[in-house]
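Trainee: model.cif is the file, holding mmCIF, C-alpha atoms:
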data_run
#
loop_
_atom_site.label_atom_id
_atom_site.label_comp_id
_atom_site.auth_asym_id
_atom_site.auth_seq_id
_atom_site.Cartn_x
_atom_site.Cartn_y
_atom_site.Cartn_z
CA MET A 1 89.43 156.91 -81.04
CA THR A 2 87.27 154.30 -82.78
CA VAL A 3 88.16 150.66 -82.52
CA GLU A 4 87.03 148.05 -85.03
CA THR A 5 87.23 144.92 -82.91
CA SER A 6 87.40 144.07 -79.25
CA THR A 7 88.32 140.97 -77.29
CA ASP A 8 86.39 142.20 -74.25
CA ARG A 9 83.02 140.57 -73.71
CA GLN A 10 82.29 141.81 -70.20
CA PHE A 11 81.93 145.47 -69.27
CA ASP A 12 80.71 147.41 -66.30
CA VAL A 13 78.82 149.85 -68.53
CA VAL A 14 77.50 149.59 -72.08
CA ILE A 15 76.19 152.78 -73.71
CA ILE A 16 74.07 152.59 -76.85
CA GLY A 17 74.62 155.81 -78.81
CA ALA A 18 77.89 157.64 -79.45
CA GLY A 19 76.46 161.15 -79.57
CA ALA A 20 76.86 164.04 -77.17
CA ALA A 21 75.09 162.45 -74.20
CA GLY A 22 76.54 158.99 -74.73
CA LEU A 23 80.16 160.11 -75.02
CA MET A 24 79.83 162.41 -72.02
CA CYS A 25 78.39 159.56 -69.97
CA ALA A 26 81.18 157.24 -71.11
CA ALA A 27 83.93 159.66 -70.12
CA VAL A 28 82.43 160.27 -66.67
CA ALA A 29 81.83 156.57 -65.97
CA GLY A 30 85.30 155.69 -67.25
CA ALA A 31 86.85 158.27 -64.94
CA ARG A 32 85.29 156.34 -62.03
CA GLY A 33 87.26 153.28 -63.07
CA ARG A 34 84.34 151.61 -64.83
CA ARG A 35 85.02 149.46 -67.91
CA VAL A 36 82.92 151.16 -70.58
CA LEU A 37 81.85 150.15 -74.08
CA VAL A 38 80.02 152.57 -76.40
CA LEU A 39 78.09 151.14 -79.36
CA ASP A 40 76.75 153.10 -82.32
CA SER A 41 75.06 151.87 -85.47
CA ALA A 42 76.40 154.75 -87.60
CA ASN A 43 79.72 154.76 -89.42
CA LYS A 44 81.12 157.60 -87.31
CA VAL A 45 80.49 159.06 -83.88
CA GLY A 46 78.79 162.35 -83.10
CA LYS A 47 77.07 162.95 -86.43
CA LYS A 48 74.61 165.47 -84.97
CA ILE A 49 77.47 167.27 -83.25
CA LEU A 50 79.33 167.52 -86.54
CA MET A 51 76.43 169.12 -88.44
CA SER A 52 75.19 171.37 -85.65
CA GLY A 53 75.59 175.13 -85.71
CA GLY A 54 76.40 175.16 -89.40
CA GLY A 55 79.42 172.94 -88.71
CA ARG A 56 80.63 174.99 -85.75
CA CYS A 57 78.53 173.39 -82.98
CA ASN A 58 76.55 175.67 -80.69
CA PHE A 59 77.82 173.55 -77.80
CA THR A 60 76.08 175.33 -74.91
CA ASN A 61 74.39 178.51 -73.78
CA MET A 62 75.77 180.58 -70.92
CA HIS A 63 72.25 181.50 -69.80
CA SER A 64 70.79 177.97 -69.84
CA THR A 65 68.30 177.34 -67.01
CA PRO A 66 65.44 174.87 -66.49
CA ASP A 67 63.13 177.53 -67.97
CA ASN A 68 64.73 176.86 -71.35
CA PHE A 69 63.35 173.33 -71.50
CA ILE A 70 60.02 171.72 -72.34
CA CYS A 71 59.03 168.68 -70.30
CA SER A 72 55.81 167.19 -68.96
CA ASN A 73 57.46 167.54 -65.53
CA PRO A 74 59.07 171.01 -65.46
CA HIS A 75 61.06 170.11 -62.34
CA PHE A 76 62.71 166.95 -63.69
CA ALA A 77 65.70 168.55 -65.43
CA LYS A 78 66.63 170.78 -62.50
CA SER A 79 68.80 168.22 -60.71
CA ALA A 80 71.05 167.29 -63.63
CA LEU A 81 71.28 170.85 -64.95
CA SER A 82 72.26 172.23 -61.54
CA ARG A 83 74.99 169.63 -61.05
CA TYR A 84 76.59 170.10 -64.48
CA THR A 85 76.28 173.69 -65.66
CA PRO A 86 77.31 175.46 -68.87
CA TRP A 87 80.38 176.67 -67.02
CA ASP A 88 81.44 173.09 -66.32
CA PHE A 89 81.39 172.30 -70.02
CA ILE A 90 83.07 175.59 -70.88
CA ALA A 91 85.87 174.59 -68.48
CA LEU A 92 86.22 171.31 -70.37
CA VAL A 93 86.36 173.17 -73.70
CA GLU A 94 89.06 175.45 -72.34
CA LYS A 95 90.98 172.51 -70.88
CA HIS A 96 91.26 171.08 -74.38
CA GLY A 97 92.22 174.44 -75.88
CA VAL A 98 89.20 174.65 -78.18
CA PRO A 99 88.74 178.26 -79.31
CA TYR A 100 85.16 179.52 -79.12
CA HIS A 101 83.06 182.67 -79.21
CA GLU A 102 79.66 183.96 -78.19
CA LYS A 103 77.49 184.58 -81.22
CA LYS A 104 74.49 186.15 -79.46
CA LEU A 105 72.19 185.62 -76.50
CA GLY A 106 74.74 183.47 -74.67
CA GLN A 107 75.14 181.03 -77.58
CA LEU A 108 78.68 179.61 -77.69
CA PHE A 109 80.17 178.27 -80.93
CA CYS A 110 83.50 176.76 -81.91
CA ASP A 111 85.73 179.19 -83.78
CA HIS A 112 86.88 176.48 -86.17
CA SER A 113 84.81 173.32 -86.42
CA SER A 114 82.36 171.01 -84.68
CA LYS A 115 85.06 168.39 -85.05
CA ASP A 116 86.81 170.04 -82.11
CA ILE A 117 83.96 169.01 -79.78
CA VAL A 118 83.91 165.43 -81.08
CA ARG A 119 87.68 165.24 -80.67
CA LEU A 120 87.39 166.62 -77.13
CA LEU A 121 84.87 163.92 -76.18
CA LEU A 122 86.86 161.11 -77.78
CA ASP A 123 90.05 162.30 -76.09
CA GLU A 124 88.26 162.29 -72.73
CA CYS A 125 87.02 158.76 -73.41
CA GLU A 126 90.40 157.51 -74.57
CA ALA A 127 92.11 158.90 -71.47
CA VAL A 128 90.00 156.64 -69.25
CA GLY A 129 90.04 153.52 -71.42
CA VAL A 130 86.57 153.72 -72.98
CA LYS A 131 86.07 151.48 -76.03
CA VAL A 132 83.96 152.87 -78.87
CA LEU A 133 82.55 150.73 -81.68
CA THR A 134 80.88 152.20 -84.76
CA GLN A 135 78.70 150.25 -87.21
CA SER A 136 77.70 148.16 -84.21
CA PRO A 137 73.95 148.14 -83.57
CA ALA A 138 72.84 146.42 -80.39
CA SER A 139 70.29 143.62 -80.59
CA ASN A 140 68.78 140.81 -78.51
CA ILE A 141 68.90 142.90 -75.34
CA THR A 142 67.84 141.10 -72.18
CA LEU A 143 67.83 142.81 -68.81
CA GLY A 144 69.00 141.05 -65.70
CA SER A 145 72.01 140.69 -63.50
CA PRO A 146 73.95 141.10 -65.69
CA HIS A 147 72.27 142.66 -68.72
CA ARG A 148 73.08 140.94 -72.02
CA LEU A 149 73.08 142.06 -75.63
CA GLN A 150 74.47 141.17 -79.01
CA THR A 151 76.69 143.18 -81.38
CA PRO A 152 77.39 142.14 -84.99
CA LYS A 153 80.66 140.52 -83.84
CA PHE A 154 80.18 139.32 -80.27
CA SER A 155 77.89 139.15 -77.26
CA VAL A 156 78.27 141.45 -74.27
CA SER A 157 77.29 141.40 -70.62
CA CYS A 158 77.25 144.45 -68.36
CA GLU A 159 76.10 145.73 -64.99
CA SER A 160 74.74 149.03 -66.34
CA LEU A 161 73.07 149.72 -69.68
CA VAL A 162 72.63 153.32 -70.87
CA ILE A 163 70.30 154.25 -73.75
CA ALA A 164 71.63 157.40 -75.45
CA SER A 165 70.30 156.73 -78.92
CA GLY A 166 68.61 160.09 -79.60
CA GLY A 167 65.23 160.69 -81.21
CA TYR A 168 63.64 160.61 -84.66
CA SER A 169 65.02 163.96 -85.86
CA ILE A 170 67.17 164.05 -89.03
CA PRO A 171 66.95 160.35 -89.97
CA THR A 172 69.63 160.82 -92.65
CA LEU A 173 72.13 160.97 -89.79
CA GLY A 174 71.06 157.54 -88.60
CA SER A 175 68.26 158.40 -86.16
CA THR A 176 65.89 155.46 -85.76
CA GLY A 177 63.85 155.86 -82.59
CA PHE A 178 65.50 152.73 -81.18
CA GLY A 179 65.35 154.04 -77.61
CA PHE A 180 61.61 154.72 -77.80
CA ASP A 181 60.92 151.21 -79.10
CA PHE A 182 63.12 149.63 -76.45
CA ALA A 183 61.41 151.57 -73.66
CA ARG A 184 57.97 150.54 -74.93
CA SER A 185 59.07 146.89 -75.01
CA LEU A 186 59.71 147.19 -71.26
CA ASP A 187 56.36 148.92 -70.61
CA ILE A 188 58.21 152.15 -69.80
CA PRO A 189 55.84 154.97 -70.87
CA VAL A 190 56.87 157.00 -73.92
CA LEU A 191 55.03 160.30 -74.32
CA PRO A 192 53.83 161.22 -77.83
CA THR A 193 56.65 162.44 -80.03
CA ARG A 194 56.73 165.10 -82.73
CA ALA A 195 59.22 167.26 -84.57
CA GLY A 196 60.54 170.31 -82.71
CA LEU A 197 62.70 173.29 -83.70
CA VAL A 198 61.45 172.80 -87.25
CA PRO A 199 60.29 175.12 -90.10
CA PHE A 200 56.59 175.60 -90.84
CA THR A 201 55.00 174.84 -94.18
CA LEU A 202 52.16 176.91 -95.67
CA GLU A 203 49.23 175.83 -97.80
CA PRO A 204 49.81 176.46 -101.54
CA ARG A 205 47.28 179.29 -101.73
CA GLN A 206 49.01 181.09 -98.88
CA LEU A 207 52.51 180.17 -99.97
CA LYS A 208 52.15 181.74 -103.43
CA ASN A 209 51.92 185.16 -101.75
CA PHE A 210 55.44 184.85 -100.34
CA GLN A 211 57.31 182.18 -102.31
CA ASP A 212 59.43 184.75 -104.12
CA PHE A 213 60.56 186.07 -100.72
CA ALA A 214 62.71 183.00 -100.02
CA GLY A 215 65.74 184.22 -98.09
CA VAL A 216 64.11 187.42 -96.80
CA SER A 217 64.40 187.88 -93.02
CA VAL A 218 62.31 190.11 -90.72
CA ASP A 219 62.72 190.94 -87.02
CA THR A 220 59.64 189.88 -85.03
CA VAL A 221 58.10 188.72 -81.82
CA THR A 222 56.56 185.37 -82.71
CA THR A 223 54.09 183.69 -80.36
CA ALA A 224 52.70 180.16 -80.19
CA GLN A 225 50.43 178.92 -77.41
CA GLY A 226 51.19 182.04 -75.36
CA THR A 227 54.99 181.64 -75.49
CA ALA A 228 56.76 184.47 -77.33
CA PHE A 229 60.21 184.72 -78.90
CA ARG A 230 61.97 187.88 -80.08
CA GLU A 231 63.96 186.73 -83.11
CA ASN A 232 63.97 186.85 -86.90
CA ILE A 233 61.64 184.92 -89.15
CA LEU A 234 62.83 183.73 -92.55
CA PHE A 235 60.67 183.23 -95.62
CA THR A 236 61.42 179.95 -97.44
CA HIS A 237 60.27 178.14 -100.59
CA LYS A 238 58.02 175.99 -98.40
CA GLY A 239 56.85 178.49 -95.77
CA LEU A 240 58.53 180.06 -92.76
CA SER A 241 61.72 179.36 -90.84
CA GLY A 242 64.28 181.37 -88.89
CA PRO A 243 65.01 181.33 -85.14
CA ALA A 244 61.62 182.69 -84.03
CA ILE A 245 59.73 180.13 -86.11
CA LEU A 246 61.88 177.22 -84.94
CA GLN A 247 61.32 178.23 -81.33
CA ALA A 248 57.58 178.64 -81.83
CA SER A 249 57.31 175.24 -83.53
CA SER A 250 58.11 173.46 -80.27
CA TYR A 251 54.99 175.00 -78.69
CA TRP A 252 52.67 174.98 -81.72
CA GLN A 253 49.92 172.40 -82.05
CA PRO A 254 48.46 171.34 -85.42
CA GLY A 255 45.42 173.37 -86.36
CA GLU A 256 46.46 176.34 -84.24
CA ALA A 257 47.64 179.77 -85.41
CA ILE A 258 50.85 181.58 -84.61
CA GLU A 259 51.02 185.35 -84.15
CA ILE A 260 53.87 187.34 -85.66
CA ASP A 261 54.35 190.92 -84.48
CA LEU A 262 56.15 192.58 -87.37
CA PHE A 263 56.80 195.77 -85.39
CA PRO A 264 58.11 194.44 -82.04
CA ASP A 265 59.43 197.78 -80.81
CA LEU A 266 56.42 199.90 -81.71
CA ASP A 267 52.77 200.49 -81.02
CA LEU A 268 52.10 200.64 -84.76
CA ALA A 269 48.81 202.56 -84.56
CA GLU A 270 50.37 205.19 -82.33
CA HIS A 271 53.44 205.39 -84.59
CA ILE A 272 51.29 205.96 -87.68
CA GLN A 273 49.36 208.71 -85.92
CA GLN A 274 52.60 210.42 -84.91
CA MET A 275 53.95 210.18 -88.45
CA GLN A 276 50.70 211.62 -89.81
CA GLN A 277 51.66 214.80 -87.97
CA GLN A 278 55.38 214.74 -88.69
CA ARG A 279 55.49 213.29 -92.24
CA PRO A 280 51.95 213.57 -93.61
CA LYS A 281 52.87 213.02 -97.28
CA LEU A 282 54.89 209.86 -96.61
CA GLU A 283 53.30 206.88 -98.32
CA LEU A 284 52.24 203.96 -96.15
CA LYS A 285 54.45 201.44 -98.00
CA ASN A 286 57.50 203.60 -97.31
CA LEU A 287 56.68 203.88 -93.62
CA LEU A 288 56.20 200.13 -93.31
CA GLY A 289 59.31 199.54 -95.39
CA GLU A 290 61.47 201.20 -92.75
CA GLN A 291 60.91 198.08 -90.63
CA LEU A 292 59.87 195.36 -93.07
CA THR A 293 62.07 196.13 -96.11
CA LYS A 294 60.54 197.73 -99.19
CA ARG A 295 59.64 194.42 -100.84
CA VAL A 296 57.74 193.07 -97.87
CA ALA A 297 55.97 196.38 -97.25
CA GLN A 298 54.91 196.58 -100.90
CA ARG A 299 53.55 193.01 -100.76
CA TRP A 300 51.56 193.73 -97.60
CA CYS A 301 50.01 196.73 -99.33
CA ASP A 302 49.26 194.65 -102.43
CA LEU A 303 47.60 191.91 -100.40
CA TRP A 304 45.76 193.62 -97.58
CA LEU A 305 46.34 197.35 -97.42
CA GLU A 306 45.79 200.35 -99.65
CA ASN A 307 48.93 202.34 -100.16
CA LYS A 308 48.33 206.07 -99.79
CA PRO A 309 49.83 209.09 -98.03
CA LEU A 310 49.61 208.97 -94.26
CA ASP A 311 47.44 212.07 -94.06
CA GLN A 312 44.76 210.22 -96.05
CA LEU A 313 44.54 207.29 -93.63
CA THR A 314 41.33 207.08 -91.62
CA ALA A 315 40.93 205.49 -88.20
CA ASN A 316 39.50 202.41 -89.91
CA ASP A 317 42.50 202.30 -92.26
CA ILE A 318 44.90 202.37 -89.29
CA GLN A 319 42.96 199.62 -87.56
CA GLY A 320 43.20 197.48 -90.70
CA ILE A 321 46.94 198.11 -90.97
CA THR A 322 47.60 197.08 -87.40
CA SER A 323 45.42 193.97 -87.80
CA ALA A 324 47.60 192.85 -90.71
CA CYS A 325 50.92 193.56 -89.01
CA GLN A 326 50.58 193.51 -85.23
CA PRO A 327 50.16 190.65 -85.21
CA TRP A 328 50.20 188.98 -88.59
CA THR A 329 48.22 185.82 -87.86
CA VAL A 330 49.47 182.73 -89.69
CA TRP A 331 47.85 179.30 -89.83
CA PRO A 332 50.64 176.83 -90.69
CA ALA A 333 49.72 173.84 -92.81
CA GLY A 334 52.22 171.79 -90.82
CA THR A 335 55.95 171.46 -90.33
CA GLU A 336 58.74 170.03 -92.44
CA GLY A 337 58.81 167.08 -90.04
CA TYR A 338 61.67 165.04 -88.66
CA ARG A 339 63.62 165.42 -91.90
CA THR A 340 64.79 168.90 -90.89
CA ALA A 341 63.79 169.02 -87.20
CA GLU A 342 66.64 169.74 -84.82
CA VAL A 343 65.00 167.82 -81.96
CA THR A 344 62.28 165.34 -81.07
CA LEU A 345 59.68 166.54 -78.58
CA GLY A 346 58.27 164.01 -76.13
CA GLY A 347 59.99 160.72 -75.38
CA VAL A 348 60.63 158.50 -72.39
CA ASP A 349 58.36 159.63 -69.56
CA THR A 350 60.43 161.32 -66.86
CA ASN A 351 58.10 159.90 -64.20
CA ALA A 352 59.71 156.54 -64.96
CA LEU A 353 63.24 157.85 -64.31
CA SER A 354 65.27 159.15 -61.38
CA SER A 355 66.01 162.84 -61.89
CA LYS A 356 69.26 162.39 -59.96
CA THR A 357 70.72 159.38 -61.77
CA MET A 358 68.57 158.99 -64.93
CA GLU A 359 68.02 155.33 -63.92
CA ALA A 360 64.73 153.64 -64.79
CA ARG A 361 62.79 153.23 -61.55
CA ASN A 362 61.54 149.72 -62.30
CA HIS A 363 64.66 148.41 -64.06
CA PRO A 364 67.84 148.55 -61.96
CA GLY A 365 70.96 149.33 -63.94
CA LEU A 366 69.08 150.76 -66.95
CA TYR A 367 69.49 154.46 -67.78
CA PHE A 368 68.04 156.83 -70.40
CA ILE A 369 69.80 160.10 -71.30
CA GLY A 370 69.76 162.88 -73.89
CA GLU A 371 67.14 163.38 -76.58
CA VAL A 372 65.39 160.05 -75.99
CA VAL A 373 64.06 161.51 -72.71
CA ASP A 374 61.05 163.85 -72.59
CA VAL A 375 63.23 166.93 -72.10
CA THR A 376 63.63 169.33 -75.04
CA GLY A 377 65.58 172.56 -75.02
CA HIS A 378 65.05 175.85 -76.76
CA LEU A 379 67.16 176.81 -79.74
CA GLY A 380 70.63 178.12 -78.97
CA GLY A 381 72.77 175.43 -77.32
CA HIS A 382 70.30 174.32 -74.64
CA ASN A 383 69.83 170.82 -76.07
CA PHE A 384 73.56 170.22 -75.95
CA GLN A 385 73.58 171.37 -72.35
CA TRP A 386 70.90 168.77 -71.57
CA ALA A 387 73.05 166.13 -73.30
CA TRP A 388 76.09 167.06 -71.20
CA ALA A 389 74.09 167.30 -67.95
CA SER A 390 72.04 164.12 -68.35
CA GLY A 391 75.08 162.18 -69.59
CA HIS A 392 77.14 163.40 -66.67
CA ALA A 393 74.38 162.49 -64.20
CA ALA A 394 74.14 158.92 -65.46
CA GLY A 395 77.93 158.61 -65.70
CA GLU A 396 78.23 159.34 -62.00
CA TYR A 397 76.11 156.29 -61.13
CA ALA A 398 76.13 153.79 -64.01
#
Output the file's structure in the form of structure tokens.

Mentor:
Amino acid sequence: MTVETSTDRQFDVVIIGAGAAGLMCAAVAGARGRRVLVLDSANKVGKKILMSGGGRCNFTNMHSTPDNFICSNPHFAKSALSRYTPWDFIALVEKHGVPYHEKKLGQLFCDHSSKDIVRLLLDECEAVGVKVLTQSPASNITLGSPHRLQTPKFSVSCESLVIASGGYSIPTLGSTGFGFDFARSLDIPVLPTRAGLVPFTLEPRQLKNFQDFAGVSVDTVTTAQGTAFRENILFTHKGLSGPAILQASSYWQPGEAIEIDLFPDLDLAEHIQQMQQQRPKLELKNLLGEQLTKRVAQRWCDLWLENKPLDQLTANDIQGITSACQPWTVWPAGTEGYRTAEVTLGGVDTNALSSKTMEARNHPGLYFIGEVVDVTGHLGGHNFQWAWASGHAAGEYA
């Protein structure tokens, strides 16, 4: 439901951004009888929804709690998340007959396509008379009573203005950082932003050791800044990716190391000592290969370890083996940046917003929701849950 023109010039609510948070907010506000207009500069709505989850949209996580979010104020998200839970959105999905499944760890995906979620949101908006305009960037915004702004075709006035424009991540989908710039223009604090849920790059000298491993995956516990994630890592042509790496990237700081435990279920030194008794002639590379795959184990031996039968390993040998594997310490050169980042860390300072309504404290009738706010979820559907919850919170009051 995308309209090309509109004769309306006055609305109760104008929402800038037709993504997950913006469309949720529009549907909730419209259901209250509010006249709602949604503006988006892109040529279609919900572009991030459409590409998420490999085209199947990991639309929420059944186990989502405030502990799954990063924010300068760890209490800020609690209000919105408690009032609109994963089960509320699941009920909406089921109401629209969208088939879905749990992939793992509470992650829920569409059976068919991300388009089902976009259609669900647009149907909800259409049912309550929301107008949606694409290719319609907002400009010349002035706050007041009412707020005023300009679209490419007409000017608009409104009582409530909602900024749901997302962050810097994946600029090819139209991300611009508009919301950050607008907040700064009003002297609303914006905390430093950086790419999150993003692959790491390695320096060329380090990368050449693993570049031919692109596509190889290993089960790990990966830790950054004291926060650990039990997931796979994936070797790439540029460095490291995979769920554990993406999670760790949101906690990593430039110049710091990450620690990758390649044997998450074992005390490796103790395991080697046991195998020395039980399988003394087994070569080290074959023992390591039972967990790491033969190729990775062989490379570790080539780089740092001497491959020999277990019964020939000394205490110093075992110490060296564990130092190279448990953990493997990696010093990333950087990340792939916003180009491939799933989210933007940082954003509009939550101290400037009401946690109940998402309204700016010093600007009545102005709201910020979704990724533009300094609330960032873990991998696995949590960021969508923040979009639904923050959009719903603002929609109840805007």

Trainee: To one decimal place, how far is atom CA of A:Met62 from atom CA of A:Ile49 in Å?

Mentor: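 Calculated distance between atom CA of A:Met62 and atom CA of A:Ile49 is 18.2 Å.
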
Trainee: When the PyMOL selection byres ((chain A and resi 74) around 12) is applied to the file above, which residues end up in the set, as a PyMOL selection string?

Mentor: chain A and resi 65-73+75-79+350-351+355+374-377

Trainee: Residues picked by the PyMOL selection byres ((chain A and resi 256) around 12) here, as a list in words?

Mentor: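 Against this file, the PyMOL selection byres ((chain A and resi 256) around 12) returns the residues Thr223, Ala224, Gln225, Gly226, Ala248, Ser249, Tyr251, Trp252, Gln253, Pro254, Gly255, Ala257, Ile258, Glu259, Thr329, Val330, Trp331, Pro332, Ala333 and Gly334 of chain A.
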
Trainee: Go through A:Ala228, A:Gly97, A:Gly177, A:Trp388 one by one, measure the shortest atom-to-atom distance of each to A:Val190 using only C-alpha atoms, and give the residue with the smallest value.

Mentor: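 Residue with the minimum atom-to-atom distance to A:Val190: A:Gly177.
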
Trainee: Could you jot down the atom CA of A:Lys115 to atom CA of A:Leu50 separation for me, Å, one decimal place?

Mentor: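 The value is 6.0 Å.
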
Trainee: Within 7 Å of A:Gly46, counting all atoms listed in the file, which residues qualify if same-chain residues fewer than 6 places away don't, as a list in words?

Mentor: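 Those residues are Ala18, Gly19, Ala20 and Val118 of chain A.
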
Trainee: In file coordinates, which residues lie within 10 Å of (60.5, 186.7, -79.1) using all atoms listed in the file, given as a PDB file with C-alpha atoms, keeping the file's coordinate frame?

Mentor:
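Full text of selection12.pdb as output:
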ATOM      1  CA  ASP A 219      62.720 190.940 -87.020  1.00  0.00           C
ATOM      2  CA  THR A 220      59.640 189.880 -85.030  1.00  0.00           C
ATOM      3  CA  VAL A 221      58.100 188.720 -81.820  1.00  0.00           C
ATOM      4  CA  THR A 222      56.560 185.370 -82.710  1.00  0.00           C
ATOM      5  CA  THR A 223      54.090 183.690 -80.360  1.00  0.00           C
ATOM      6  CA  THR A 227      54.990 181.640 -75.490  1.00  0.00           C
ATOM      7  CA  ALA A 228      56.760 184.470 -77.330  1.00  0.00           C
ATOM      8  CA  PHE A 229      60.210 184.720 -78.900  1.00  0.00           C
ATOM      9  CA  ARG A 230      61.970 187.880 -80.080  1.00  0.00           C
ATOM     10  CA  GLU A 231      63.960 186.730 -83.110  1.00  0.00           C
ATOM     11  CA  ASN A 232      63.970 186.850 -86.900  1.00  0.00           C
ATOM     12  CA  PRO A 243      65.010 181.330 -85.140  1.00  0.00           C
ATOM     13  CA  ALA A 244      61.620 182.690 -84.030  1.00  0.00           C
ATOM     14  CA  ILE A 245      59.730 180.130 -86.110  1.00  0.00           C
ATOM     15  CA  GLN A 247      61.320 178.230 -81.330  1.00  0.00           C
ATOM     16  CA  ALA A 248      57.580 178.640 -81.830  1.00  0.00           C
ATOM     17  CA  ILE A 260      53.870 187.340 -85.660  1.00  0.00           C
ATOM     18  CA  ASP A 261      54.350 190.920 -84.480  1.00  0.00           C
ATOM     19  CA  PRO A 264      58.110 194.440 -82.040  1.00  0.00           C
TER      20      PRO A 264
END

Trainee: Enter the distance from atom CA of A:Asn316 to atom CA of A:Ala269, in Å, rounded to one decimal.

Mentor: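 Rounded to one decimal, the two atoms are 10.7 Å apart.
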
Trainee: Set the distance at 12 Å and use all atoms listed in the file: which residues neighbour A:Glu203 once local chain neighbours fewer than 2 positions away are removed? I'd like the list as a ChimeraX atom specification.

Mentor: /A:200-201,205-211,237-240,330-335

Trainee: Excluding A:Asp40 and residues on its chain fewer than 6 positions from it, collect all residues at most 7 Å away from it, counting only C-alpha atoms, and give them as a PDB file with C-alpha atoms, in the coordinates of the input.

Mentor:
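See part_6.pdb below for the written result:
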ATOM      1  CA  ILE A  16      74.070 152.590 -76.850  1.00  0.00           C
ATOM      2  CA  GLY A  17      74.620 155.810 -78.810  1.00  0.00           C
ATOM      3  CA  ALA A  18      77.890 157.640 -79.450  1.00  0.00           C
ATOM      4  CA  LEU A 133      82.550 150.730 -81.680  1.00  0.00           C
ATOM      5  CA  THR A 134      80.880 152.200 -84.760  1.00  0.00           C
ATOM      6  CA  GLN A 135      78.700 150.250 -87.210  1.00  0.00           C
ATOM      7  CA  SER A 136      77.700 148.160 -84.210  1.00  0.00           C
ATOM      8  CA  PRO A 137      73.950 148.140 -83.570  1.00  0.00           C
TER       9      PRO A 137
END

Trainee: Fewer than 5 positions away in the same chain doesn't count, so skip those; otherwise give me all residues within 6 Å of A:Glu283, counting only C-alpha atoms, as a list in words.

Mentor: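 Within the cut-off, the hits are Lys308, Pro309 and Leu310 of chain A.
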
Trainee: I'd like to know which of A:Ala27, A:Val348, A:Ile272, A:Leu303 is closest to A:Ala127, using all atoms listed in the file.

Mentor: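 Between A:Ala27, A:Val348, A:Ile272, A:Leu303, the residue approaching A:Ala127 most closely is A:Ala27.
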
Trainee: Exactly which residues make up the result of the PyMOL selection byres ((chain A and resi 383) around 10) on this file, given as a PyMOL selection string?

Mentor: chain A and resi 20+58-61+64+68-69+342-343+370-371+375-382+384-389

Trainee: Within 10 Å of (79.8, 160.7, -75.0) in the file's own coordinates, which protein, DNA or RNA residues have an atom, counting all atoms listed in the file? List them as a PyMOL selection string.

Mentor: chain A and resi 15+17-28+38+45-46+118+120-122+124-125+130+132+164+387-388+391-392+395

Trainee: Considering all atoms listed in the file, can you say which of A:Asn362, A:Ser52, A:Ser157, A:Gln107 comes closest to A:Leu37?

Mentor: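 Smallest distance to A:Leu37 is found for A:Ser157.
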
Trainee: Considering only C-alpha atoms, can you say which of A:Ser139, A:Asn43, A:Gln298, A:Thr340 comes closest to A:Ser241?

Mentor: A:Thr340

Trainee: Within 8 Å of stretch 152-155 of chain A, counting all atoms listed in the file, which residues show up once you throw out same-chain ones fewer than 3 positions away? Write them as a PyMOL selection string, please.

Mentor: chain A and resi 5+9+136-138+148-149

Trainee: Can you take the partial stretch 64-74 of chain A, add N, CA and C atoms, and return it as a PDB file, in the frame of the given file?

Mentor:
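New file result.pdb:
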ATOM      1  N   SER A  64      71.700 179.122 -69.879  1.00  0.00           N
ATOM      2  CA  SER A  64      70.790 177.970 -69.840  1.00  0.00           C
ATOM      3  C   SER A  64      70.280 177.724 -68.422  1.00  0.00           C
ATOM      4  N   THR A  65      68.957 177.648 -68.284  1.00  0.00           N
ATOM      5  CA  THR A  65      68.300 177.340 -67.010  1.00  0.00           C
ATOM      6  C   THR A  65      67.172 176.357 -67.291  1.00  0.00           C
ATOM      7  N   PRO A  66      66.576 175.772 -66.268  1.00  0.00           N
ATOM      8  CA  PRO A  66      65.440 174.870 -66.490  1.00  0.00           C
ATOM      9  C   PRO A  66      64.286 175.518 -67.258  1.00  0.00           C
ATOM     10  N   ASP A  67      64.194 176.848 -67.228  1.00  0.00           N
ATOM     11  CA  ASP A  67      63.130 177.530 -67.970  1.00  0.00           C
ATOM     12  C   ASP A  67      63.304 177.423 -69.476  1.00  0.00           C
ATOM     13  N   ASN A  68      64.469 177.001 -69.925  1.00  0.00           N
ATOM     14  CA  ASN A  68      64.730 176.860 -71.350  1.00  0.00           C
ATOM     15  C   ASN A  68      64.405 175.466 -71.881  1.00  0.00           C
ATOM     16  N   PHE A  69      63.650 174.695 -71.098  1.00  0.00           N
ATOM     17  CA  PHE A  69      63.350 173.330 -71.500  1.00  0.00           C
ATOM     18  C   PHE A  69      61.864 173.035 -71.404  1.00  0.00           C
ATOM     19  N   ILE A  70      61.409 172.165 -72.294  1.00  0.00           N
ATOM     20  CA  ILE A  70      60.020 171.720 -72.340  1.00  0.00           C
ATOM     21  C   ILE A  70      59.984 170.284 -71.845  1.00  0.00           C
ATOM     22  N   CYS A  71      59.134 170.021 -70.863  1.00  0.00           N
ATOM     23  CA  CYS A  71      59.030 168.680 -70.300  1.00  0.00           C
ATOM     24  C   CYS A  71      57.678 168.563 -69.615  1.00  0.00           C
ATOM     25  N   SER A  72      57.099 167.379 -69.633  1.00  0.00           N
ATOM     26  CA  SER A  72      55.810 167.190 -68.960  1.00  0.00           C
ATOM     27  C   SER A  72      55.949 167.424 -67.452  1.00  0.00           C
ATOM     28  N   ASN A  73      57.160 167.227 -66.923  1.00  0.00           N
ATOM     29  CA  ASN A  73      57.460 167.540 -65.530  1.00  0.00           C
ATOM     30  C   ASN A  73      58.513 168.643 -65.512  1.00  0.00           C
ATOM     31  N   PRO A  74      58.116 169.901 -65.341  1.00  0.00           N
ATOM     32  CA  PRO A  74      59.070 171.010 -65.460  1.00  0.00           C
ATOM     33  C   PRO A  74      60.164 170.997 -64.413  1.00  0.00           C
TER      34      PRO A  74
END
